[in-house]
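With mmCIF, C-alpha atoms inside, this is entry_24.cif:
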data_start
#
loop_
_atom_site.label_atom_id
_atom_site.label_comp_id
_atom_site.auth_asym_id
_atom_site.auth_seq_id
_atom_site.Cartn_x
_atom_site.Cartn_y
_atom_site.Cartn_z
CA MET A 1415 20.97 6.32 30.30
CA ARG A 1416 21.39 5.67 26.59
CA LEU A 1417 18.93 7.10 24.04
CA TYR A 1418 18.78 5.74 20.49
CA LEU A 1419 18.29 8.69 18.12
CA ALA A 1420 16.08 7.39 15.29
CA GLY A 1421 15.24 9.65 12.38
CA PRO A 1422 15.77 10.64 8.76
CA ASP A 1423 18.47 12.98 10.09
CA VAL A 1424 20.93 10.42 8.68
CA PHE A 1425 19.91 11.63 5.20
CA LEU A 1426 20.92 15.25 5.88
CA PRO A 1427 23.89 16.66 3.87
CA ASP A 1428 26.22 16.39 6.89
CA PRO A 1429 24.76 13.57 8.97
CA GLN A 1430 27.78 13.33 11.31
CA ALA A 1431 27.49 17.01 12.26
CA ARG A 1432 23.77 16.49 12.82
CA ALA A 1433 24.41 13.46 15.05
CA ALA A 1434 26.93 15.49 17.05
CA ALA A 1435 24.36 18.28 17.54
CA LEU A 1436 21.71 15.83 18.75
CA LYS A 1437 24.20 14.11 21.08
CA ALA A 1438 25.27 17.46 22.56
CA ILE A 1439 21.67 18.21 23.53
CA CYS A 1440 21.34 14.74 25.07
CA ALA A 1441 24.55 15.28 27.06
CA ARG A 1442 23.27 18.59 28.43
CA HIS A 1443 20.36 16.65 29.94
CA GLY A 1444 22.52 13.83 31.30
CA PHE A 1445 21.85 11.29 28.54
CA ILE A 1446 24.13 9.48 26.11
CA GLY A 1447 22.77 9.85 22.58
CA VAL A 1448 23.41 6.87 20.30
CA SER A 1449 23.35 7.56 16.56
CA PRO A 1450 22.64 5.03 13.80
CA LEU A 1451 25.98 6.25 12.37
CA ASP A 1452 27.99 5.17 15.42
CA PRO A 1453 30.36 2.23 15.06
CA LEU A 1454 29.19 -0.83 17.00
CA ALA A 1455 31.55 -2.00 19.72
CA GLY A 1456 32.18 -5.72 19.32
CA GLU A 1457 30.51 -5.97 15.94
CA PRO A 1458 30.55 -9.66 14.92
CA GLU A 1459 33.33 -10.53 12.47
CA ALA A 1460 30.78 -12.38 10.32
CA TRP A 1461 29.00 -9.11 9.51
CA THR A 1462 32.01 -7.69 7.66
CA VAL A 1463 31.20 -9.80 4.60
CA MET A 1464 27.52 -8.78 4.50
CA PRO A 1465 26.21 -6.33 1.91
CA GLU A 1466 26.56 -2.86 3.44
CA ALA A 1467 22.79 -2.22 3.69
CA LEU A 1468 22.12 -5.45 5.60
CA ARG A 1469 25.08 -4.76 7.87
CA ILE A 1470 23.76 -1.28 8.70
CA ALA A 1471 20.37 -2.83 9.53
CA ARG A 1472 21.95 -5.36 11.92
CA ARG A 1473 24.10 -2.67 13.50
CA ASN A 1474 21.12 -0.39 14.09
CA GLU A 1475 19.15 -3.23 15.66
CA ALA A 1476 22.09 -3.88 18.00
CA HIS A 1477 22.36 -0.17 18.84
CA ILE A 1478 18.65 -0.04 19.71
CA ALA A 1479 18.93 -3.15 21.89
CA SER A 1480 21.83 -1.48 23.74
CA CYS A 1481 19.75 1.59 24.66
CA ASP A 1482 17.35 2.37 27.52
CA ALA A 1483 14.89 4.32 25.37
CA LEU A 1484 14.35 5.49 21.79
CA VAL A 1485 13.73 9.04 20.57
CA ALA A 1486 12.23 9.24 17.07
CA ASN A 1487 12.15 12.17 14.65
CA LEU A 1488 8.58 11.74 13.37
CA THR A 1489 8.55 14.84 11.13
CA PRO A 1490 6.67 13.64 8.00
CA PHE A 1491 9.13 12.37 5.41
CA ARG A 1492 8.28 12.01 1.70
CA GLY A 1493 4.58 11.47 2.32
CA PRO A 1494 2.09 11.93 5.17
CA SER A 1495 3.91 9.59 7.60
CA ALA A 1496 7.29 9.48 9.31
CA ASP A 1497 10.36 7.89 7.69
CA ALA A 1498 9.93 4.12 7.27
CA GLY A 1499 13.27 3.23 8.87
CA THR A 1500 12.43 5.37 11.88
CA VAL A 1501 9.01 3.76 12.28
CA PHE A 1502 10.55 0.28 12.02
CA GLU A 1503 12.98 1.16 14.79
CA LEU A 1504 10.23 2.57 16.98
CA GLY A 1505 8.31 -0.70 16.63
CA PHE A 1506 11.47 -2.66 17.39
CA MET A 1507 12.11 -0.78 20.64
CA ARG A 1508 8.46 -0.94 21.66
CA ALA A 1509 8.59 -4.74 21.41
CA LEU A 1510 11.62 -4.70 23.73
CA GLY A 1511 9.32 -3.09 26.31
CA ARG A 1512 11.32 0.12 26.75
CA PRO A 1513 10.03 3.71 26.46
CA VAL A 1514 9.69 5.28 23.02
CA TYR A 1515 9.52 9.05 22.56
CA GLY A 1516 8.61 11.04 19.47
CA TRP A 1517 9.12 14.58 18.25
CA SER A 1518 7.98 16.33 15.10
CA ASN A 1519 8.43 19.71 13.50
CA ASP A 1520 4.97 19.48 11.90
CA PRO A 1521 1.98 19.42 14.27
CA THR A 1522 -0.58 19.15 11.45
CA PRO A 1523 -2.90 16.22 12.30
CA PHE A 1524 -2.25 13.03 10.31
CA ALA A 1525 -5.68 13.03 8.68
CA LEU A 1526 -5.21 16.58 7.37
CA ARG A 1527 -1.75 15.75 6.03
CA THR A 1528 -3.09 12.61 4.38
CA ARG A 1529 -6.02 14.43 2.76
CA ALA A 1530 -3.67 17.14 1.45
CA PHE A 1531 -1.34 14.47 0.08
CA ALA A 1532 -4.19 12.56 -1.56
CA GLY A 1533 -5.89 15.73 -2.82
CA VAL A 1534 -9.24 14.79 -1.27
CA SER A 1535 -11.49 16.30 1.39
CA GLY A 1536 -13.41 13.18 2.43
CA ASP A 1537 -12.62 9.92 4.19
CA HIS A 1538 -11.18 7.99 1.22
CA ASP A 1539 -8.39 8.55 -1.30
CA ALA A 1540 -8.68 8.16 -5.08
CA ASP A 1541 -8.07 4.39 -4.72
CA GLY A 1542 -10.99 4.09 -2.28
CA MET A 1543 -8.60 3.45 0.62
CA GLN A 1544 -9.80 4.87 3.92
CA ILE A 1545 -8.07 7.88 5.46
CA GLU A 1546 -7.27 7.12 9.10
CA ASP A 1547 -8.75 9.90 11.23
CA PHE A 1548 -8.41 9.50 14.99
CA GLY A 1549 -7.03 13.01 15.56
CA LEU A 1550 -3.53 11.58 15.99
CA ALA A 1551 -0.11 12.69 14.74
CA ASP A 1552 0.52 9.64 12.52
CA ASN A 1553 -0.62 6.02 12.12
CA LEU A 1554 -2.18 4.81 15.36
CA MET A 1555 0.48 2.16 15.98
CA ILE A 1556 3.03 4.98 16.42
CA GLU A 1557 1.17 7.13 18.89
CA GLY A 1558 -0.28 4.02 20.55
CA ALA A 1559 3.23 2.73 21.22
CA ILE A 1560 4.44 6.06 22.59
CA HIS A 1561 1.46 6.21 24.93
CA ALA A 1562 1.60 2.57 26.04
CA SER A 1563 5.35 2.71 26.70
CA GLY A 1564 5.12 5.77 28.94
CA GLY A 1565 6.85 8.02 26.42
CA THR A 1566 5.81 11.43 25.16
CA LEU A 1567 5.20 13.08 21.80
CA THR A 1568 6.48 16.64 21.32
CA GLN A 1569 5.25 18.66 18.35
CA ILE A 1570 6.41 22.21 17.60
CA ALA A 1571 5.79 23.87 14.23
CA SER A 1572 8.89 24.85 12.25
CA ALA A 1573 9.10 27.02 9.18
CA HIS A 1574 8.81 24.62 6.22
CA ALA A 1575 12.38 25.36 5.08
CA GLU A 1576 13.72 24.53 8.54
CA ARG A 1577 11.76 21.37 9.24
CA TRP A 1578 14.85 19.14 8.82
CA THR A 1579 17.17 21.29 10.90
CA ASP A 1580 15.11 23.01 13.64
CA LEU A 1581 15.93 21.42 17.00
CA ALA A 1582 13.30 23.09 19.21
CA ALA A 1583 10.99 20.05 19.36
CA PHE A 1584 13.90 17.64 19.82
CA THR A 1585 15.31 19.75 22.65
CA ALA A 1586 11.92 19.94 24.38
CA CYS A 1587 11.46 16.18 23.95
CA ILE A 1588 14.82 15.37 25.52
CA ALA A 1589 14.27 17.86 28.36
CA ALA A 1590 11.01 16.07 29.28
CA ILE A 1591 12.48 12.56 29.48
CA ARG A 1592 12.41 11.01 32.93
CA LEU A 1593 13.94 7.53 33.07
CA GLY A 1594 14.87 5.11 35.80
CA MET B 309 1.31 -21.91 12.94
CA ARG B 310 -0.18 -18.44 13.25
CA LEU B 311 0.70 -15.67 10.77
CA TYR B 312 -0.01 -12.01 11.58
CA LEU B 313 -1.25 -10.32 8.39
CA ALA B 314 0.12 -6.74 8.49
CA GLY B 315 -0.81 -4.30 5.76
CA PRO B 316 -2.86 -1.32 4.62
CA ASP B 317 -5.47 -3.87 3.54
CA VAL B 318 -7.40 -2.71 6.62
CA PHE B 319 -8.06 0.55 4.74
CA LEU B 320 -9.79 -1.18 1.80
CA PRO B 321 -13.53 -0.49 1.30
CA ASP B 322 -14.48 -3.93 2.68
CA PRO B 323 -11.65 -4.80 5.05
CA GLN B 324 -13.44 -7.79 6.60
CA ALA B 325 -13.91 -9.42 3.18
CA ARG B 326 -10.26 -8.75 2.43
CA ALA B 327 -9.18 -10.32 5.72
CA ALA B 328 -11.30 -13.38 4.95
CA ALA B 329 -9.65 -13.71 1.51
CA LEU B 330 -6.14 -13.50 3.01
CA LYS B 331 -7.05 -16.01 5.73
CA ALA B 332 -8.47 -18.45 3.17
CA ILE B 333 -5.13 -18.47 1.32
CA CYS B 334 -3.30 -19.03 4.61
CA ALA B 335 -5.62 -21.93 5.44
CA ARG B 336 -4.95 -23.58 2.08
CA HIS B 337 -1.27 -23.70 3.04
CA GLY B 338 -1.90 -24.96 6.58
CA PHE B 339 -1.54 -21.64 8.39
CA ILE B 340 -3.89 -19.64 10.61
CA GLY B 341 -4.02 -16.05 9.38
CA VAL B 342 -4.52 -13.45 12.10
CA SER B 343 -5.98 -10.09 11.02
CA PRO B 344 -5.57 -6.74 12.81
CA LEU B 345 -9.40 -6.67 12.68
CA ASP B 346 -9.81 -9.85 14.73
CA PRO B 347 -11.19 -9.55 18.26
CA LEU B 348 -8.58 -10.33 20.91
CA ALA B 349 -9.40 -13.28 23.14
CA GLY B 350 -9.02 -12.27 26.77
CA GLU B 351 -8.62 -8.57 26.04
CA PRO B 352 -7.96 -6.79 29.36
CA GLU B 353 -11.03 -5.15 30.86
CA ALA B 354 -8.96 -1.98 31.44
CA TRP B 355 -8.62 -1.45 27.68
CA THR B 356 -12.36 -0.92 27.20
CA VAL B 357 -12.09 2.64 28.53
CA MET B 358 -9.15 3.56 26.31
CA PRO B 359 -9.60 5.82 23.26
CA GLU B 360 -10.38 3.52 20.32
CA ALA B 361 -7.11 4.23 18.45
CA LEU B 362 -4.92 3.38 21.43
CA ARG B 363 -6.96 0.24 22.09
CA ILE B 364 -6.51 -0.91 18.49
CA ALA B 365 -2.75 -0.35 18.84
CA ARG B 366 -2.58 -2.46 22.01
CA ARG B 367 -4.73 -5.16 20.45
CA ASN B 368 -2.53 -5.35 17.35
CA GLU B 369 0.61 -5.61 19.48
CA ALA B 370 -1.02 -8.49 21.37
CA HIS B 371 -2.05 -10.18 18.12
CA ILE B 372 1.52 -9.94 16.81
CA ALA B 373 2.94 -11.35 20.05
CA SER B 374 0.52 -14.30 19.71
CA CYS B 375 1.80 -15.25 16.25
CA ASP B 376 4.70 -17.36 15.01
CA ALA B 377 5.58 -15.09 12.09
CA LEU B 378 4.47 -11.87 10.41
CA VAL B 379 3.56 -11.35 6.74
CA ALA B 380 3.61 -7.71 5.63
CA ASN B 381 1.99 -6.09 2.62
CA LEU B 382 4.83 -3.75 1.61
CA THR B 383 3.18 -2.36 -1.53
CA PRO B 384 4.13 1.36 -1.45
CA PHE B 385 1.38 3.35 0.30
CA ARG B 386 0.96 7.13 -0.09
CA GLY B 387 4.64 7.74 -0.80
CA PRO B 388 7.71 5.71 -1.77
CA SER B 389 7.61 3.45 1.31
CA ALA B 390 5.24 0.90 2.78
CA ASP B 391 2.40 1.87 5.16
CA ALA B 392 3.74 3.24 8.48
CA GLY B 393 1.59 0.97 10.66
CA THR B 394 2.76 -2.07 8.70
CA VAL B 395 6.41 -1.08 9.06
CA PHE B 396 5.96 -0.50 12.81
CA GLU B 397 4.50 -3.99 13.15
CA LEU B 398 7.32 -5.53 11.14
CA GLY B 399 9.86 -3.92 13.46
CA PHE B 400 7.89 -5.10 16.48
CA MET B 401 7.89 -8.73 15.33
CA ARG B 402 11.55 -8.58 14.32
CA ALA B 403 12.46 -7.54 17.88
CA LEU B 404 10.55 -10.59 19.15
CA GLY B 405 13.03 -12.69 17.15
CA ARG B 406 10.46 -14.39 14.92
CA PRO B 407 10.46 -14.55 11.10
CA VAL B 408 9.10 -11.60 9.12
CA TYR B 409 7.99 -11.97 5.50
CA GLY B 410 7.15 -9.30 2.98
CA TRP B 411 5.24 -9.09 -0.28
CA SER B 412 4.64 -6.22 -2.66
CA ASN B 413 2.70 -5.63 -5.84
CA ASP B 414 5.28 -3.08 -7.02
CA PRO B 415 8.79 -4.40 -7.73
CA THR B 416 10.17 -0.97 -8.71
CA PRO B 417 13.39 -0.43 -6.69
CA PHE B 418 13.04 1.95 -3.72
CA ALA B 419 15.53 4.47 -5.11
CA LEU B 420 13.62 4.75 -8.39
CA ARG B 421 10.31 5.17 -6.57
CA THR B 422 11.84 7.82 -4.31
CA ARG B 423 13.35 9.76 -7.22
CA ALA B 424 10.02 9.67 -9.07
CA PHE B 425 8.24 10.87 -5.92
CA ALA B 426 10.76 13.67 -5.34
CA GLY B 427 10.91 14.62 -9.02
CA VAL B 428 14.70 14.36 -9.15
CA SER B 429 17.20 12.19 -11.02
CA GLY B 430 20.18 12.48 -8.68
CA ASP B 431 21.04 11.35 -5.17
CA HIS B 432 19.28 14.12 -3.21
CA ASP B 433 15.76 15.52 -3.05
CA ALA B 434 14.82 19.23 -3.21
CA ASP B 435 15.50 19.56 0.54
CA GLY B 436 19.04 18.22 0.08
CA MET B 437 18.11 14.97 1.83
CA GLN B 438 19.91 11.91 0.49
CA ILE B 439 18.04 9.30 -1.54
CA GLU B 440 18.82 5.85 -0.13
CA ASP B 441 20.07 3.69 -2.98
CA PHE B 442 21.19 0.20 -2.06
CA GLY B 443 19.15 -1.55 -4.76
CA LEU B 444 16.60 -2.63 -2.16
CA ALA B 445 12.79 -2.72 -2.15
CA ASP B 446 12.36 -0.15 0.65
CA ASN B 447 14.28 1.37 3.57
CA LEU B 448 17.16 -0.93 4.53
CA MET B 449 15.75 -1.68 7.99
CA ILE B 450 12.81 -3.45 6.32
CA GLU B 451 14.71 -5.70 3.95
CA GLY B 452 17.50 -6.12 6.52
CA ALA B 453 14.98 -7.47 9.03
CA ILE B 454 13.42 -9.85 6.52
CA HIS B 455 16.84 -11.20 5.60
CA ALA B 456 18.15 -11.45 9.16
CA SER B 457 15.01 -13.19 10.41
CA GLY B 458 15.11 -15.90 7.75
CA GLY B 459 12.03 -14.54 5.97
CA THR B 460 11.52 -13.84 2.29
CA LEU B 461 10.42 -10.91 0.15
CA THR B 462 8.06 -11.64 -2.76
CA GLN B 463 7.54 -8.97 -5.41
CA ILE B 464 5.20 -9.41 -8.39
CA ALA B 465 4.09 -6.48 -10.53
CA SER B 466 0.36 -5.76 -10.60
CA ALA B 467 -1.55 -3.46 -12.89
CA HIS B 468 -1.63 -0.09 -11.12
CA ALA B 469 -5.42 -0.22 -10.68
CA GLU B 470 -5.15 -3.66 -9.06
CA ARG B 471 -2.24 -3.02 -6.71
CA TRP B 472 -4.50 -3.02 -3.63
CA THR B 473 -6.46 -6.12 -4.56
CA ASP B 474 -4.15 -8.44 -6.56
CA LEU B 475 -3.25 -11.46 -4.40
CA ALA B 476 -0.62 -13.10 -6.63
CA ALA B 477 2.37 -11.88 -4.58
CA PHE B 478 0.64 -12.62 -1.27
CA THR B 479 -0.24 -16.14 -2.42
CA ALA B 480 3.33 -16.81 -3.58
CA CYS B 481 4.69 -15.41 -0.31
CA ILE B 482 2.48 -17.70 1.81
CA ALA B 483 3.25 -20.72 -0.36
CA ALA B 484 6.98 -20.23 0.24
CA ILE B 485 6.77 -20.06 4.04
CA ARG B 486 8.50 -22.89 5.84
CA LEU B 487 8.17 -22.73 9.61
CA GLY B 488 8.82 -25.24 12.28
#

Would you mind giving the structure from this file in C-alpha cells?
Amino acid sequence: MRLYLAGPDVFLPDPQARAAALKAICARHGFIGVSPLDPLAGEPEAWTVMPEALRIARRNEAHIASCDALVANLTPFRGPSADAGTVFELGFMRALGRPVYGWSNDPTPFALRTRAFAGVSGDHDADGMQIEDFGLADNLMIEGAIHASGGTLTQIASAHAERWTDLAAFTACIAAIRLG
Amino acid sequence: MRLYLAGPDVFLPDPQARAAALKAICARHGFIGVSPLDPLAGEPEAWTVMPEALRIARRNEAHIASCDALVANLTPFRGPSADAGTVFELGFMRALGRPVYGWSNDPTPFALRTRAFAGVSGDHDADGMQIEDFGLADNLMIEGAIHASGGTLTQIASAHAERWTDLAAFTACIAAIRLG
C-alpha cells in the first residue's frame, strides 16, 4: 500500500532527510511512503520544458493519483490553518475517493488558534469576517473529508520549538492506518 | 454551465447577500453560480443526523461534483495563503478533471507576502522553513492546478479595506470564462 506524504515538511532545511525519516516509519508498518520530492517514474517528456513550479505541481498530482491513501501534516503553518499545498492535496485525494489521514503537532482547536491569530475574543475578526467555530481542528472541509473518507486525525502536542520535527503524531497516525 | 463559487465570502457579515451578488454576475455572463450556502437537492436522509460541520462538508463536496467548473476567491485569508476550505475545494475539483479558476484582490507575489508575514527578508522564516519563491500568486499546487486545468487567474488590487467586498477581479474572472 502506497501512502502519499503531504506536508510542509518539504520546506524543512533538509527535506530529503525528512522524507527518508517519514518513509522509514511507513516501512516499519508495512507501507510505502511516497514523498513530493520523489522522481516520477515515466514522467511525460513534455513536462521537461514546463516552468519548474508547474512541473512540480503536475508531478505531485501524479504521485497522489498513484497512491492508495494520503497522510497530511496538518500542523498549522504560517497562520491558523494547515499549509495551502497540503490542503490542496488532501482535497485532490478526497475527490479520488481514497482515504485521507491527518496528523498535527498542535491540538489547539481551530477557533482558538484563529482568535489568537486575529487578536479577538469574539466570533468575528477585525474585518468583520466570521470565525469558524465547530470545535474542529481546522476548516470543516478538512476534518469533514477525513471523516467521510474513513481516515483518522491524530493530534499530539509538541513543544513549540519541535513542532516541525517531532514525529510522535505522525508515527501514531501511521500505526493506526488499516487499508485494504 | 454551473460554476461552484469557492471562497471565504461565506464568512462575510451577510453571506447570503454576498452569494446573491456573485450569482447575479454569473447570470449576466450566462452561468449558474452555485454557492456553498445553497441547499442540496436530494440531500441524503442519512446526513440529517450528522454533526452540522460534517454535513456542510459533504454538501459542499456534492455541490462541487455537480458543477462544470470552480471559481475560487484566492484573496489571502488570515496568513499569506488563500482560505484553507477554498484551497481544499480547488484541489477537489482539480482531481475531478474540470477547469478551476482563481481570482484575488491582492496581486502581491506569494513570496513577498510570506516574507512580510514572517518578518524576514531572506529565503527562510524564523523556524528555518523555506519560503517558496517561484514568482507565483500562492503555493505552487494552486497555480499549477489552474494552469493545468485550462483555467485562469485574475488578480486586481483592491484598497485594503475593500479586499473582502470588491468584485472587480471576480467580475473580470467570470467574464473571461469560456466553457463548452

Find the residues of chain B in contact range of chain A, meaning any atom within 9 Å when counting only C-alpha atoms, and list them as a JSON list (two decimals) with C-alpha atoms, in the coordinates of the input.
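The resulting result-v9.json:
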[["chain", "number", "residue", "atom", "x", "y", "z"],
["B", 316, "PRO", "CA", -2.86, -1.32, 4.62],
["B", 317, "ASP", "CA", -5.47, -3.87, 3.54],
["B", 318, "VAL", "CA", -7.40, -2.71, 6.62],
["B", 319, "PHE", "CA", -8.06, 0.55, 4.74],
["B", 320, "LEU", "CA", -9.79, -1.18, 1.80],
["B", 321, "PRO", "CA", -13.53, -0.49, 1.30],
["B", 360, "GLU", "CA", -10.38, 3.52, 20.32],
["B", 361, "ALA", "CA", -7.11, 4.23, 18.45],
["B", 362, "LEU", "CA", -4.92, 3.38, 21.43],
["B", 363, "ARG", "CA", -6.96, 0.24, 22.09],
["B", 364, "ILE", "CA", -6.51, -0.91, 18.49],
["B", 365, "ALA", "CA", -2.75, -0.35, 18.84],
["B", 366, "ARG", "CA", -2.58, -2.46, 22.01],
["B", 368, "ASN", "CA", -2.53, -5.35, 17.35],
["B", 369, "GLU", "CA", 0.61, -5.61, 19.48],
["B", 373, "ALA", "CA", 2.94, -11.35, 20.05],
["B", 385, "PHE", "CA", 1.38, 3.35, 0.30],
["B", 386, "ARG", "CA", 0.96, 7.13, -0.09],
["B", 387, "GLY", "CA", 4.64, 7.74, -0.80],
["B", 388, "PRO", "CA", 7.71, 5.71, -1.77],
["B", 389, "SER", "CA", 7.61, 3.45, 1.31],
["B", 390, "ALA", "CA", 5.24, 0.90, 2.78],
["B", 391, "ASP", "CA", 2.40, 1.87, 5.16],
["B", 392, "ALA", "CA", 3.74, 3.24, 8.48],
["B", 393, "GLY", "CA", 1.59, 0.97, 10.66],
["B", 394, "THR", "CA", 2.76, -2.07, 8.70],
["B", 395, "VAL", "CA", 6.41, -1.08, 9.06],
["B", 396, "PHE", "CA", 5.96, -0.50, 12.81],
["B", 397, "GLU", "CA", 4.50, -3.99, 13.15],
["B", 398, "LEU", "CA", 7.32, -5.53, 11.14],
["B", 399, "GLY", "CA", 9.86, -3.92, 13.46],
["B", 400, "PHE", "CA", 7.89, -5.10, 16.48],
["B", 401, "MET", "CA", 7.89, -8.73, 15.33],
["B", 402, "ARG", "CA", 11.55, -8.58, 14.32],
["B", 403, "ALA", "CA", 12.46, -7.54, 17.88],
["B", 404, "LEU", "CA", 10.55, -10.59, 19.15],
["B", 422, "THR", "CA", 11.84, 7.82, -4.31],
["B", 425, "PHE", "CA", 8.24, 10.87, -5.92],
["B", 426, "ALA", "CA", 10.76, 13.67, -5.34],
["B", 432, "HIS", "CA", 19.28, 14.12, -3.21],
["B", 435, "ASP", "CA", 15.50, 19.56, 0.54],
["B", 436, "GLY", "CA", 19.04, 18.22, 0.08],
["B", 437, "MET", "CA", 18.11, 14.97, 1.83],
["B", 438, "GLN", "CA", 19.91, 11.91, 0.49],
["B", 439, "ILE", "CA", 18.04, 9.30, -1.54],
["B", 440, "GLU", "CA", 18.82, 5.85, -0.13],
["B", 442, "PHE", "CA", 21.19, 0.20, -2.06],
["B", 444, "LEU", "CA", 16.60, -2.63, -2.16],
["B", 446, "ASP", "CA", 12.36, -0.15, 0.65],
["B", 447, "ASN", "CA", 14.28, 1.37, 3.57],
["B", 448, "LEU", "CA", 17.16, -0.93, 4.53],
["B", 449, "MET", "CA", 15.75, -1.68, 7.99],
["B", 450, "ILE", "CA", 12.81, -3.45, 6.32],
["B", 451, "GLU", "CA", 14.71, -5.70, 3.95],
["B", 452, "GLY", "CA", 17.50, -6.12, 6.52],
["B", 453, "ALA", "CA", 14.98, -7.47, 9.03],
["B", 455, "HIS", "CA", 16.84, -11.20, 5.60],
["B", 456, "ALA", "CA", 18.15, -11.45, 9.16],
["B", 469, "ALA", "CA", -5.42, -0.22, -10.68],
["B", 472, "TRP", "CA", -4.50, -3.02, -3.63]]

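Applied to this file, the PyMOL selection byres ((chain B and resi 411) around 8) selects B:Val379, B:Ala380, B:Asn381, B:Leu382, B:Thr383, B:Tyr409, B:Gly410, B:Ser412, B:Asn413, B:Leu461, B:Thr462, B:Gln463, B:Ala477, B:Phe478, B:Cys481.
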
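Rounded to one decimal, CA of Ala1476 in chain A and CA of Glu1459 in chain A lie 14.2 Å from each other.
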
Inset, instruction - Quick one: everything within 12 Å of Pro352 in chain B, counting all atoms listed in the file, minus sequence neighbours fewer than 3 positions away in the same chain. Send it as an NGL selection string. - result: :B and (347-349 or 355-358 or 363 or 366-367 or 370)

Inset, instruction - Tell me which protein, DNA and RNA residues are within 12 Å of range 1439-1441 of chain A, counting all atoms listed in the file, leaving out same-chain ones fewer than 6 positions away, and put them as a PyMOL selection string. - result: chain A and resi 1415-1419+1432-1433+1447-1449+1485+1581-1591

How would the residues just chosen look if you wrote them out with C-alpha atoms as a compact mmCIF listing (two decimals), in the coordinates of the input?
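Output file out-v2.txt is given in full below:
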# COMPACT_ATOMS: atom_id res chain seq x y z
CA MET A 1415 20.97 6.32 30.30
CA ARG A 1416 21.39 5.67 26.59
CA LEU A 1417 18.93 7.10 24.04
CA TYR A 1418 18.78 5.74 20.49
CA LEU A 1419 18.29 8.69 18.12
CA ARG A 1432 23.77 16.49 12.82
CA ALA A 1433 24.41 13.46 15.05
CA GLY A 1447 22.77 9.85 22.58
CA VAL A 1448 23.41 6.87 20.30
CA SER A 1449 23.35 7.56 16.56
CA VAL A 1485 13.73 9.04 20.57
CA LEU A 1581 15.93 21.42 17.00
CA ALA A 1582 13.30 23.09 19.21
CA ALA A 1583 10.99 20.05 19.36
CA PHE A 1584 13.90 17.64 19.82
CA THR A 1585 15.31 19.75 22.65
CA ALA A 1586 11.92 19.94 24.38
CA CYS A 1587 11.46 16.18 23.95
CA ILE A 1588 14.82 15.37 25.52
CA ALA A 1589 14.27 17.86 28.36
CA ALA A 1590 11.01 16.07 29.28
CA ILE A 1591 12.48 12.56 29.48

Inset, instruction - Work out how far apart CA of Arg1592 in chain A and CA of Pro1490 in chain A are and give it in Å to one decimal. - result: 25.7 Å

Inset, instruction - Select, from B:Ala377, B:Ala419, B:Leu345, B:Ala467, the residue with the minimum atom-to-atom distance to Gln324 in chain B, counting only C-alpha atoms. - result: B:Leu345

Legend entry - For CA of Leu1436 in chain A and CA of Gly430 in chain B, the interatomic separation in Å (one decimal): 27.7 Å

Inset, instruction - Find, counting all atoms listed in the file, the residue in A:Pro1513, A:Pro1523, A:Gly1444, A:Gly1594 that gets nearest to Gly1565 in chain A. - result: A:Pro1513

Legend entry - Chain and number of each residue from the PyMOL selection byres ((chain A and resi 1571) around 6), as an NGL selection string: :A and (1519-1521 or 1570 or 1572)
